[in-house]
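Novice: Contents of upload.txt (compact mmCIF, C-alpha atoms and all ligand atoms) are below:
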```
# COMPACT_ATOMS: atom_id res chain seq x y z
CA MET A 1 132.73 -115.46 -111.47
CA THR A 2 133.18 -117.54 -108.31
CA MET A 3 136.47 -116.94 -106.59
CA GLN A 4 138.45 -120.12 -105.92
CA TRP A 5 140.42 -119.94 -102.74
CA THR A 6 142.18 -122.38 -100.49
CA PRO A 7 144.15 -121.51 -97.37
CA SER A 8 147.91 -122.02 -97.35
CA PRO A 9 149.37 -124.67 -94.99
CA GLU A 10 150.53 -121.82 -92.72
CA GLN A 11 146.98 -120.53 -92.45
CA THR A 12 145.56 -123.93 -91.62
CA ARG A 13 148.14 -124.39 -88.88
CA GLU A 14 147.00 -121.09 -87.36
CA THR A 15 150.56 -119.97 -86.94
CA ILE A 16 150.31 -116.58 -88.56
CA GLN A 17 149.99 -113.22 -86.86
CA PRO A 18 146.32 -112.17 -86.69
CA GLN A 19 145.16 -109.81 -89.40
CA VAL A 20 142.44 -108.16 -87.41
CA PRO A 21 139.63 -106.81 -89.62
CA VAL A 22 139.66 -103.06 -90.11
CA ARG A 23 136.48 -102.58 -88.06
CA LEU A 24 138.05 -104.44 -85.16
CA SER A 25 141.33 -102.64 -85.27
CA ALA A 26 139.67 -99.74 -83.45
CA LEU A 27 138.76 -102.08 -80.63
CA ILE A 28 142.29 -103.18 -80.05
CA LYS A 29 143.96 -99.80 -80.54
CA GLY A 30 145.98 -98.91 -77.52
CA ILE A 31 146.67 -102.49 -76.55
CA ALA A 32 148.49 -103.50 -79.73
CA LEU A 33 151.75 -104.41 -78.13
CA ALA A 34 152.88 -106.68 -80.91
CA SER A 35 154.76 -104.02 -82.83
CA SER A 36 156.28 -102.22 -79.86
CA LEU A 37 156.84 -105.10 -77.47
CA GLY A 38 157.58 -108.40 -79.20
CA VAL A 39 157.55 -111.80 -77.59
CA SER A 40 161.34 -111.77 -77.31
CA ALA A 41 161.10 -108.58 -75.25
CA PHE A 42 159.12 -110.53 -72.64
CA VAL A 43 161.72 -113.23 -72.55
CA SER A 44 164.83 -111.09 -72.57
CA ALA A 45 163.48 -108.51 -70.12
CA GLY A 46 162.61 -111.32 -67.70
CA VAL A 47 159.19 -111.61 -66.09
CA GLN A 48 158.71 -109.66 -62.92
CA ALA A 49 157.78 -112.14 -60.23
CA ASP A 50 154.51 -110.48 -59.29
CA THR A 51 153.25 -109.47 -62.70
CA TRP A 52 150.95 -112.09 -64.21
CA ARG A 53 150.50 -111.58 -67.95
CA PHE A 54 147.15 -112.92 -69.11
CA ALA A 55 146.43 -113.19 -72.85
CA LEU A 56 142.97 -113.60 -74.37
CA GLU A 57 141.83 -115.32 -77.55
CA GLU A 58 139.00 -112.82 -77.76
CA VAL A 59 138.68 -109.03 -78.07
CA SER A 60 137.73 -106.51 -75.37
CA GLY A 61 134.07 -106.86 -74.42
CA SER A 62 134.05 -110.64 -74.91
CA VAL A 63 133.28 -113.43 -72.44
CA GLN A 64 137.02 -114.09 -71.98
CA ASP A 65 137.56 -110.39 -71.36
CA ALA A 66 134.77 -110.37 -68.73
CA TYR A 67 136.51 -113.31 -67.06
CA ALA A 68 139.92 -111.66 -67.14
CA GLN A 69 138.71 -108.31 -65.79
CA GLU A 70 136.97 -109.97 -62.84
CA PHE A 71 139.91 -112.34 -62.28
CA LYS A 72 142.29 -109.36 -62.19
CA GLN A 73 140.20 -107.58 -59.57
CA ARG A 74 139.85 -110.67 -57.39
CA ILE A 75 143.53 -111.65 -57.59
CA GLU A 76 144.80 -108.15 -56.92
CA LYS A 77 142.44 -107.77 -53.97
CA ALA A 78 143.16 -111.19 -52.47
CA SER A 79 146.93 -110.68 -52.79
CA GLU A 80 146.59 -107.21 -51.24
CA GLY A 81 148.38 -105.66 -54.18
CA ASP A 82 151.29 -108.13 -54.29
CA ILE A 83 150.19 -109.41 -57.68
CA ASP A 84 149.50 -107.26 -60.70
CA VAL A 85 147.50 -108.89 -63.54
CA GLU A 86 148.08 -107.45 -67.02
CA ILE A 87 145.47 -108.36 -69.64
CA TYR A 88 146.25 -108.66 -73.37
CA PRO A 89 143.12 -108.94 -75.55
CA TYR A 90 143.18 -110.78 -78.89
CA GLY A 91 145.27 -109.00 -81.46
CA ALA A 92 147.94 -107.88 -79.01
CA LEU A 93 150.17 -110.95 -78.94
CA GLY A 94 149.11 -113.54 -81.50
CA THR A 95 146.69 -116.24 -82.57
CA SER A 96 145.29 -118.83 -80.14
CA SER A 97 148.05 -121.31 -80.98
CA GLN A 98 150.72 -118.67 -80.51
CA LEU A 99 149.30 -117.69 -77.12
CA THR A 100 149.52 -121.32 -76.00
CA GLU A 101 153.15 -121.44 -77.14
CA LEU A 102 153.91 -118.26 -75.19
CA VAL A 103 152.54 -119.86 -72.03
CA GLN A 104 154.29 -123.18 -72.67
CA SER A 105 157.59 -121.33 -72.86
CA ASP A 106 156.73 -119.25 -69.76
CA ALA A 107 156.99 -115.96 -71.70
CA ILE A 108 153.52 -115.11 -70.37
CA GLN A 109 151.81 -116.74 -67.42
CA LEU A 110 148.15 -117.25 -68.33
CA THR A 111 145.97 -117.65 -71.37
CA PHE A 112 142.75 -119.18 -72.62
CA ALA A 113 143.44 -122.17 -74.85
CA SER A 114 140.31 -123.23 -76.69
CA PRO A 115 140.17 -126.94 -77.54
CA GLY A 116 139.03 -126.08 -81.07
CA HIS A 117 142.64 -125.04 -81.63
CA LEU A 118 144.46 -126.76 -78.75
CA ALA A 119 143.41 -130.27 -79.82
CA SER A 120 146.04 -129.98 -82.56
CA VAL A 121 148.58 -130.25 -79.73
CA ILE A 122 146.54 -132.07 -77.04
CA PRO A 123 144.04 -134.30 -78.88
CA GLU A 124 142.34 -135.23 -75.57
CA ALA A 125 141.11 -131.61 -75.30
CA GLY A 126 139.13 -132.20 -78.50
CA VAL A 127 136.49 -133.99 -76.40
CA PHE A 128 134.93 -130.56 -75.77
CA THR A 129 134.41 -130.00 -79.47
CA LEU A 130 132.47 -133.24 -80.10
CA HIS A 131 128.94 -132.87 -81.42
CA PHE A 132 125.88 -134.09 -79.55
CA LEU A 133 127.90 -135.12 -76.48
CA PHE A 134 126.79 -132.48 -73.99
CA SER A 135 123.40 -132.05 -72.40
CA ASP A 136 120.81 -129.75 -74.00
CA ASP A 137 120.60 -128.20 -70.55
CA ASN A 138 123.73 -126.10 -70.18
CA ALA A 139 123.38 -125.96 -66.38
CA VAL A 140 123.98 -129.75 -66.41
CA ASN A 141 127.10 -129.25 -68.51
CA GLU A 142 128.44 -126.59 -66.17
CA LYS A 143 127.91 -128.89 -63.19
CA VAL A 144 129.69 -131.80 -64.89
CA LEU A 145 132.62 -129.63 -66.04
CA GLY A 146 133.11 -128.46 -62.46
CA ASN A 147 133.22 -131.99 -60.97
CA SER A 148 134.01 -134.72 -63.45
CA LYS A 149 137.00 -137.03 -62.96
CA ALA A 150 137.47 -136.60 -66.72
CA ILE A 151 138.95 -133.17 -65.97
CA ASP A 152 141.67 -134.73 -63.76
CA MET A 153 142.62 -137.12 -66.59
CA LEU A 154 142.67 -134.23 -69.02
CA SER A 155 144.84 -132.26 -66.65
CA GLU A 156 147.57 -134.93 -66.97
CA ALA A 157 147.60 -134.46 -70.73
CA TYR A 158 148.01 -130.70 -70.25
CA THR A 159 150.87 -131.18 -67.75
CA GLU A 160 152.72 -133.28 -70.32
CA GLN A 161 152.63 -130.21 -72.57
CA ASN A 162 153.95 -127.89 -69.86
CA LEU A 163 150.50 -126.44 -69.19
CA GLN A 164 148.61 -126.28 -65.91
CA LEU A 165 144.87 -126.65 -66.46
CA LEU A 166 143.11 -124.10 -64.22
CA GLY A 167 139.55 -124.22 -65.50
CA VAL A 168 137.14 -125.54 -68.11
CA ILE A 169 134.67 -122.84 -69.04
CA PRO A 170 131.56 -122.99 -71.28
CA GLU A 171 130.95 -119.84 -73.35
CA GLY A 172 127.64 -120.73 -75.01
CA TRP A 173 126.13 -122.82 -77.82
CA MET A 174 127.95 -122.95 -81.12
CA VAL A 175 125.73 -121.42 -83.80
CA TRP A 176 126.16 -121.82 -87.56
CA THR A 177 126.03 -118.76 -89.77
CA GLY A 178 125.96 -119.02 -93.52
CA ASN A 179 125.13 -117.53 -96.86
CA ARG A 180 122.64 -120.41 -97.15
CA ASP A 181 120.16 -122.00 -94.78
CA ILE A 182 121.19 -125.23 -93.06
CA GLU A 183 118.18 -127.20 -91.83
CA LYS A 184 119.00 -130.74 -92.91
CA PRO A 185 122.28 -132.64 -93.31
CA ALA A 186 122.09 -132.39 -97.13
CA ASP A 187 122.31 -128.59 -96.79
CA MET A 188 125.88 -129.07 -95.54
CA ASP A 189 127.00 -130.63 -98.83
CA GLY A 190 130.04 -128.72 -100.03
CA PHE A 191 129.36 -125.90 -97.54
CA LYS A 192 132.67 -124.11 -97.08
CA ILE A 193 132.56 -123.64 -93.34
CA ARG A 194 135.38 -122.02 -91.38
CA THR A 195 136.32 -124.11 -88.38
CA MET A 196 138.90 -123.71 -85.68
CA THR A 197 142.13 -125.50 -86.52
CA SER A 198 141.83 -128.86 -84.71
CA PRO A 199 141.83 -131.87 -87.08
CA ILE A 200 139.04 -133.41 -84.96
CA LEU A 201 136.78 -130.49 -85.79
CA VAL A 202 137.75 -130.54 -89.44
CA GLU A 203 136.90 -134.25 -89.65
CA THR A 204 133.63 -133.68 -87.78
CA TYR A 205 132.48 -131.23 -90.46
CA ARG A 206 133.78 -133.46 -93.22
CA GLY A 207 131.49 -136.11 -91.71
CA TYR A 208 128.52 -133.87 -92.52
CA GLY A 209 129.70 -133.59 -96.12
CA ALA A 210 130.82 -129.98 -95.63
CA ASN A 211 134.05 -128.50 -96.96
CA PRO A 212 135.70 -127.39 -93.68
CA THR A 213 138.26 -124.60 -93.91
CA PRO A 214 140.37 -124.10 -90.78
CA LEU A 215 141.44 -120.49 -90.23
CA PRO A 216 142.56 -118.24 -87.37
CA TYR A 217 139.76 -116.26 -85.73
CA SER A 218 141.07 -112.95 -87.05
CA GLU A 219 140.61 -114.00 -90.68
CA VAL A 220 136.99 -115.09 -90.47
CA TYR A 221 135.35 -111.71 -91.08
CA SER A 222 137.30 -110.95 -94.24
CA GLY A 223 136.90 -114.55 -95.44
CA LEU A 224 133.11 -114.21 -95.15
CA GLN A 225 133.02 -110.72 -96.60
CA LEU A 226 135.04 -111.71 -99.66
CA GLY A 227 133.04 -114.89 -100.16
CA GLN A 228 136.09 -117.08 -99.67
CA ILE A 229 134.11 -119.10 -97.14
CA ASP A 230 130.34 -119.70 -96.99
CA GLY A 231 129.90 -119.75 -93.23
CA GLN A 232 131.39 -120.22 -89.81
CA VAL A 233 130.45 -121.47 -86.35
CA ASN A 234 130.77 -119.63 -83.03
CA PRO A 235 128.70 -118.58 -80.00
CA VAL A 236 126.26 -115.69 -80.47
CA PHE A 237 128.27 -113.18 -78.45
CA ALA A 238 131.24 -113.71 -80.78
CA ILE A 239 129.10 -113.54 -83.93
CA GLU A 240 127.98 -110.12 -82.75
CA GLU A 241 131.26 -108.64 -81.53
CA MET A 242 133.24 -109.90 -84.54
CA SER A 243 130.49 -108.54 -86.87
CA PHE A 244 130.07 -111.90 -88.64
CA TYR A 245 126.30 -111.41 -88.69
CA GLU A 246 126.73 -108.35 -90.92
CA VAL A 247 128.10 -110.45 -93.77
CA GLN A 248 125.86 -113.54 -93.40
CA ASP A 249 122.23 -114.24 -94.35
CA TYR A 250 121.34 -117.04 -91.91
CA MET A 251 122.03 -117.93 -88.32
CA ILE A 252 121.10 -121.49 -87.36
CA GLN A 253 120.78 -122.71 -83.78
CA ALA A 254 121.22 -126.49 -83.77
CA LYS A 255 122.63 -126.95 -80.24
CA GLN A 256 125.12 -129.41 -81.70
CA ALA A 257 127.97 -128.34 -79.43
CA GLN A 258 128.98 -125.91 -76.73
CA PHE A 259 131.92 -123.57 -77.11
CA ILE A 260 134.10 -124.66 -74.21
CA THR A 261 137.42 -123.03 -73.47
CA THR A 262 140.19 -123.91 -71.03
CA LEU A 263 142.17 -121.56 -68.82
CA VAL A 264 145.83 -122.49 -68.62
CA ALA A 265 148.99 -121.35 -66.86
CA SER A 266 152.57 -122.18 -67.58
CA SER A 267 153.52 -125.28 -65.52
CA ASP A 268 156.81 -123.64 -64.50
CA PHE A 269 155.03 -120.52 -63.35
CA TYR A 270 152.41 -122.51 -61.41
CA SER A 271 154.88 -124.80 -59.67
CA GLY A 272 157.13 -121.81 -58.90
CA LEU A 273 154.41 -119.91 -57.04
CA ASP A 274 154.73 -119.73 -53.28
CA ASP A 275 152.00 -121.52 -51.34
CA ASP A 276 150.04 -118.35 -50.58
CA GLN A 277 149.96 -117.24 -54.20
CA ARG A 278 149.01 -120.72 -55.43
CA GLN A 279 146.17 -120.85 -52.91
CA VAL A 280 144.94 -117.44 -54.04
CA LEU A 281 145.03 -118.55 -57.68
CA ASP A 282 143.20 -121.85 -57.00
CA LYS A 283 140.58 -120.17 -54.85
CA VAL A 284 139.89 -117.40 -57.35
CA THR A 285 139.64 -119.74 -60.36
CA ASN A 286 137.22 -121.98 -58.43
CA GLU A 287 135.08 -119.09 -57.32
CA MET A 288 135.00 -117.59 -60.82
CA ARG A 289 132.90 -120.50 -62.13
CA PRO A 290 129.39 -119.24 -61.24
CA TYR A 291 130.36 -115.69 -62.16
CA ILE A 292 131.41 -116.51 -65.71
CA PHE A 293 128.62 -119.01 -66.28
CA GLU A 294 126.03 -116.33 -65.56
CA LYS A 295 127.96 -113.74 -67.55
CA GLN A 296 128.16 -115.86 -70.72
CA GLU A 297 124.42 -116.56 -70.58
CA GLN A 298 123.75 -112.85 -70.26
CA TYR A 299 126.21 -111.91 -73.05
CA ASN A 300 124.75 -114.46 -75.45
CA ALA A 301 121.16 -113.40 -74.73
CA ASP A 302 121.90 -109.65 -74.98
CA ARG A 303 123.93 -109.98 -78.18
CA LEU A 304 121.17 -112.03 -79.80
CA GLU A 305 118.77 -109.16 -79.18
CA LYS A 306 121.29 -106.73 -80.65
CA ILE A 307 121.70 -108.84 -83.79
CA LYS A 308 117.90 -109.02 -84.18
CA LYS A 309 117.64 -105.25 -83.79
CA ASP A 310 120.55 -104.28 -86.03
CA SER A 311 120.16 -106.68 -88.94
CA ASP A 312 117.71 -108.68 -90.98
CA ILE A 313 119.67 -111.93 -90.70
CA LYS A 314 117.27 -114.90 -90.63
CA ILE A 315 117.48 -116.73 -87.33
CA ILE A 316 116.45 -120.37 -87.40
CA THR A 317 116.16 -122.71 -84.44
CA LEU A 318 116.10 -126.36 -85.43
CA THR A 319 113.38 -128.55 -83.94
CA ASP A 320 114.36 -131.67 -81.98
CA GLU A 321 113.45 -133.75 -85.01
CA GLN A 322 115.65 -131.65 -87.30
CA ARG A 323 118.54 -131.87 -84.83
CA ASP A 324 118.18 -135.64 -84.61
CA ALA A 325 118.76 -135.88 -88.35
CA PHE A 326 122.23 -134.35 -87.83
CA ARG A 327 123.23 -136.73 -85.02
CA PRO A 328 124.55 -139.73 -86.96
CA GLU A 329 126.84 -137.54 -89.09
CA GLY A 330 127.83 -135.32 -86.16
CA GLU A 331 128.82 -138.33 -84.10
CA LYS A 332 131.25 -139.50 -86.77
CA GLY A 333 133.69 -137.07 -85.14
CA TRP A 334 133.70 -139.26 -82.00
CA LYS A 335 135.46 -142.04 -83.88
CA VAL A 336 138.11 -139.64 -85.13
CA PHE A 337 138.51 -138.35 -81.57
CA ARG A 338 139.03 -141.88 -80.19
CA GLU A 339 141.64 -142.59 -82.87
CA GLN A 340 143.54 -139.34 -82.29
CA ALA A 341 143.26 -139.08 -78.50
CA GLY A 342 144.05 -142.75 -77.79
CA GLU A 343 143.21 -144.71 -74.67
CA ARG A 344 143.26 -141.79 -72.27
CA GLY A 345 141.09 -139.76 -74.63
CA SER A 346 138.57 -142.59 -74.88
CA LYS A 347 138.44 -142.85 -71.11
CA ILE A 348 137.86 -139.10 -70.84
CA LEU A 349 135.01 -139.32 -73.35
CA ASP A 350 133.39 -142.32 -71.61
CA THR A 351 133.67 -140.67 -68.19
CA LEU A 352 132.19 -137.40 -69.40
CA GLN A 353 129.36 -139.18 -71.18
CA ALA A 354 128.50 -141.19 -68.04
CA ASP A 355 128.68 -138.07 -65.84
CA ILE A 356 126.43 -136.09 -68.18
CA LYS A 357 123.89 -138.92 -68.21
CA ALA A 358 123.96 -139.17 -64.42
CA ALA A 359 123.64 -135.41 -63.95
CA GLU A 360 120.69 -135.29 -66.37
CA GLY A 361 118.94 -137.94 -64.28
CA GLU A 362 119.35 -135.98 -61.02
O1 LIG A 401 136.58 -119.22 -83.42
C1 LIG A 401 137.60 -119.01 -82.79
O2 LIG A 401 138.72 -119.27 -83.22
C2 LIG A 401 137.47 -118.36 -81.42
N1 LIG A 401 136.12 -118.26 -80.99
C3 LIG A 401 135.85 -117.82 -79.78
C4 LIG A 401 134.46 -117.54 -79.38
N2 LIG A 401 136.80 -117.68 -78.87
C5 LIG A 401 138.22 -117.95 -79.10
C6 LIG A 401 138.43 -118.79 -80.37
O3 LIG A 401 139.74 -118.73 -80.78
```
Go through the file and emit its structure as structure tokens.
Specialist:
Amino acid sequence: MTMQWTPSPEQTRETIQPQVPVRLSALIKGIALASSLGVSAFVSAGVQADTWRFALEEVSGSVQDAYAQEFKQRIEKASEGDIDVEIYPYGALGTSSQLTELVQSDAIQLTFASPGHLASVIPEAGVFTLHFLFSDDNAVNEKVLGNSKAIDMLSEAYTEQNLQLLGVIPEGWMVWTGNRDIEKPADMDGFKIRTMTSPILVETYRGYGANPTPLPYSEVYSGLQLGQIDGQVNPVFAIEEMSFYEVQDYMIQAKQAQFITTLVASSDFYSGLDDDQRQVLDKVTNEMRPYIFEKQEQYNADRLEKIKKDSDIKIITLTDEQRDAFRPEGEKGWKVFREQAGERGSKILDTLQADIKAAEGE
């Protein structure tokens, strides 16, 4: 009998506390502050001026964790011990959306806010989730993300939501996994794919004819294991560390989109920093770019080898011709983006597209 299952409105809004899969609970043991130190404790205890609380949307050992560990070292060294960075991996404080809310209200100072979720609040951020926008050469993408005027325009949208945009960071190609092979658009028909919670992403997958199911990250493993969803999409390092590959038959590399995250601080925190501390923060986040770009490439390559070694999942890389067949459907999401992100969003998209084209020609 096939189990019928649809997420509740709460689940689709990604507002629930993460239910970390049993296998992952071991990973986050020892940092699970949620039960002992609630959000209100942060607020009522008051934030110590020199303690920067940094929450991750990913578990220990992830790309975001690699970033945070290096960031901590660099900040603490540059401030000569005046600043103490405390890192909270995924599972300690809440879902991605909840982490953003904690930063918006200045209960914590820093977090990653991935556009796949954040676009529900800042539609302009959804530009990073569009399919077939970025270059096939990820070095081109990294260069554009470090320089484009589009990032300044996006920054305004973040400020309006009480967030200071500190960095835009690629974490690798989004890869489909499924209980069926996906090699042509028709294979997406009715495919119950878990997506992040942004309506732009949901509509993008609807454009392929799939049946997108938005869920928090922490519920993906059990959803796949129980057959409540047919597949999901994430970078390889995440597919490995969240064990998704163990409960899926196919992994399909279509290079349709990059996973791009954003690093944010609370606007109040950022504007309240003294000049020295703000300079340290800006310098460190700028200098982190090449570090994390190299790290994510290495993580994705190493984890792919691990998946190949530890499982018999079928790994398929689409040819250019096969990818081209997905383009018209994939690009339907652009229209939805323009509608939801308005004039500023359209300008961001046009600027990014022009910058990518120019950088590819260099
Ligand atoms: O799929 C997600 O929801 C998450 N994926 C990654 C790789 N990072 C954070 C994000 O929330």
Novice: In Å, rounded to a single decimal, give me how far CA of Glu156 in chain A is from CA of Thr195 in chain A.
Specialist: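 Between CA of Thr195 in chain A and CA of Glu156 in chain A the gap is 26.5 Å.
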Novice: Please identify all polymer residues within 10 Å of Glu160 in chain A, counting only C-alpha atoms, omitting same-chain residues fewer than 4 positions from it, and present them as a list in words.
Specialist: Ile122, Ser155, Glu156, Gln164 and Ser267 of chain A
Novice: Padding of 6 Å on every side, edges along x, y and z, all listed atoms of range 265-269 of chain A included: what centre and edge lengths in Å, to one decimal, does that box have, as lines of an AutoDock Vina configuration file?
Specialist:
```
center_x = 152.9
center_y = -122.9
center_z = -65.5
size_x = 19.8
size_y = 16.8
size_z = 16.2
```
Novice: CA of Ala265 in chain A to CA of Leu163 in chain A: how many Å, to one decimal?
Specialist: 5.8 Å
Novice: Tell me, as a PyMOL selection string, which residues lie within 12 Å of range 69-75 of chain A, counting all atoms listed in the file; anything in the same chain fewer than 2 positions away does not count.
Specialist: chain A and resi 50-56+60-67+77-89+110+263+276-289+291-292+295
Novice: Applying 8 Å and only C-alpha atoms, which residues near Trp176 in chain A remain after dropping the ones on its own chain fewer than 6 positions away? List them as a list in words.
Specialist: Gly231, Gln232, Val233, Asn234, Met251, Ile252, Gln253 and Ala254 of chain A
Novice: At what distance in Å, to one decimal, does CA of Ala125 in chain A lie from CA of Ile348 in chain A?
Specialist: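 Interatomic distance, CA of Ile348 in chain A to CA of Ala125 in chain A: 9.3 Å.
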Novice: Could you report the residues within 6 Å of ligand LIG 401 (chain A), using all atoms listed in the file, as a ChimeraX atom specification?
Specialist: /A:57-58,96,196,216-217,234-235,238
Novice: Restricting it to C-alpha atoms, dump the selection as a PDB file, in the frame of the given file.
Specialist:
```
ATOM      1  CA  GLU A  57     141.830-115.320 -77.550  1.00  0.00           C
ATOM      2  CA  GLU A  58     139.000-112.820 -77.760  1.00  0.00           C
ATOM      3  CA  SER A  96     145.290-118.830 -80.140  1.00  0.00           C
ATOM      4  CA  MET A 196     138.900-123.710 -85.680  1.00  0.00           C
ATOM      5  CA  PRO A 216     142.560-118.240 -87.370  1.00  0.00           C
ATOM      6  CA  TYR A 217     139.760-116.260 -85.730  1.00  0.00           C
ATOM      7  CA  ASN A 234     130.770-119.630 -83.030  1.00  0.00           C
ATOM      8  CA  PRO A 235     128.700-118.580 -80.000  1.00  0.00           C
ATOM      9  CA  ALA A 238     131.240-113.710 -80.780  1.00  0.00           C
TER      10      ALA A 238
END
```
Novice: Pick the closest to Ala119 in chain A from A:Leu133, A:Leu99, A:Leu201, A:Ile315: which is it, counting all atoms listed in the file?
Specialist: A:Leu201
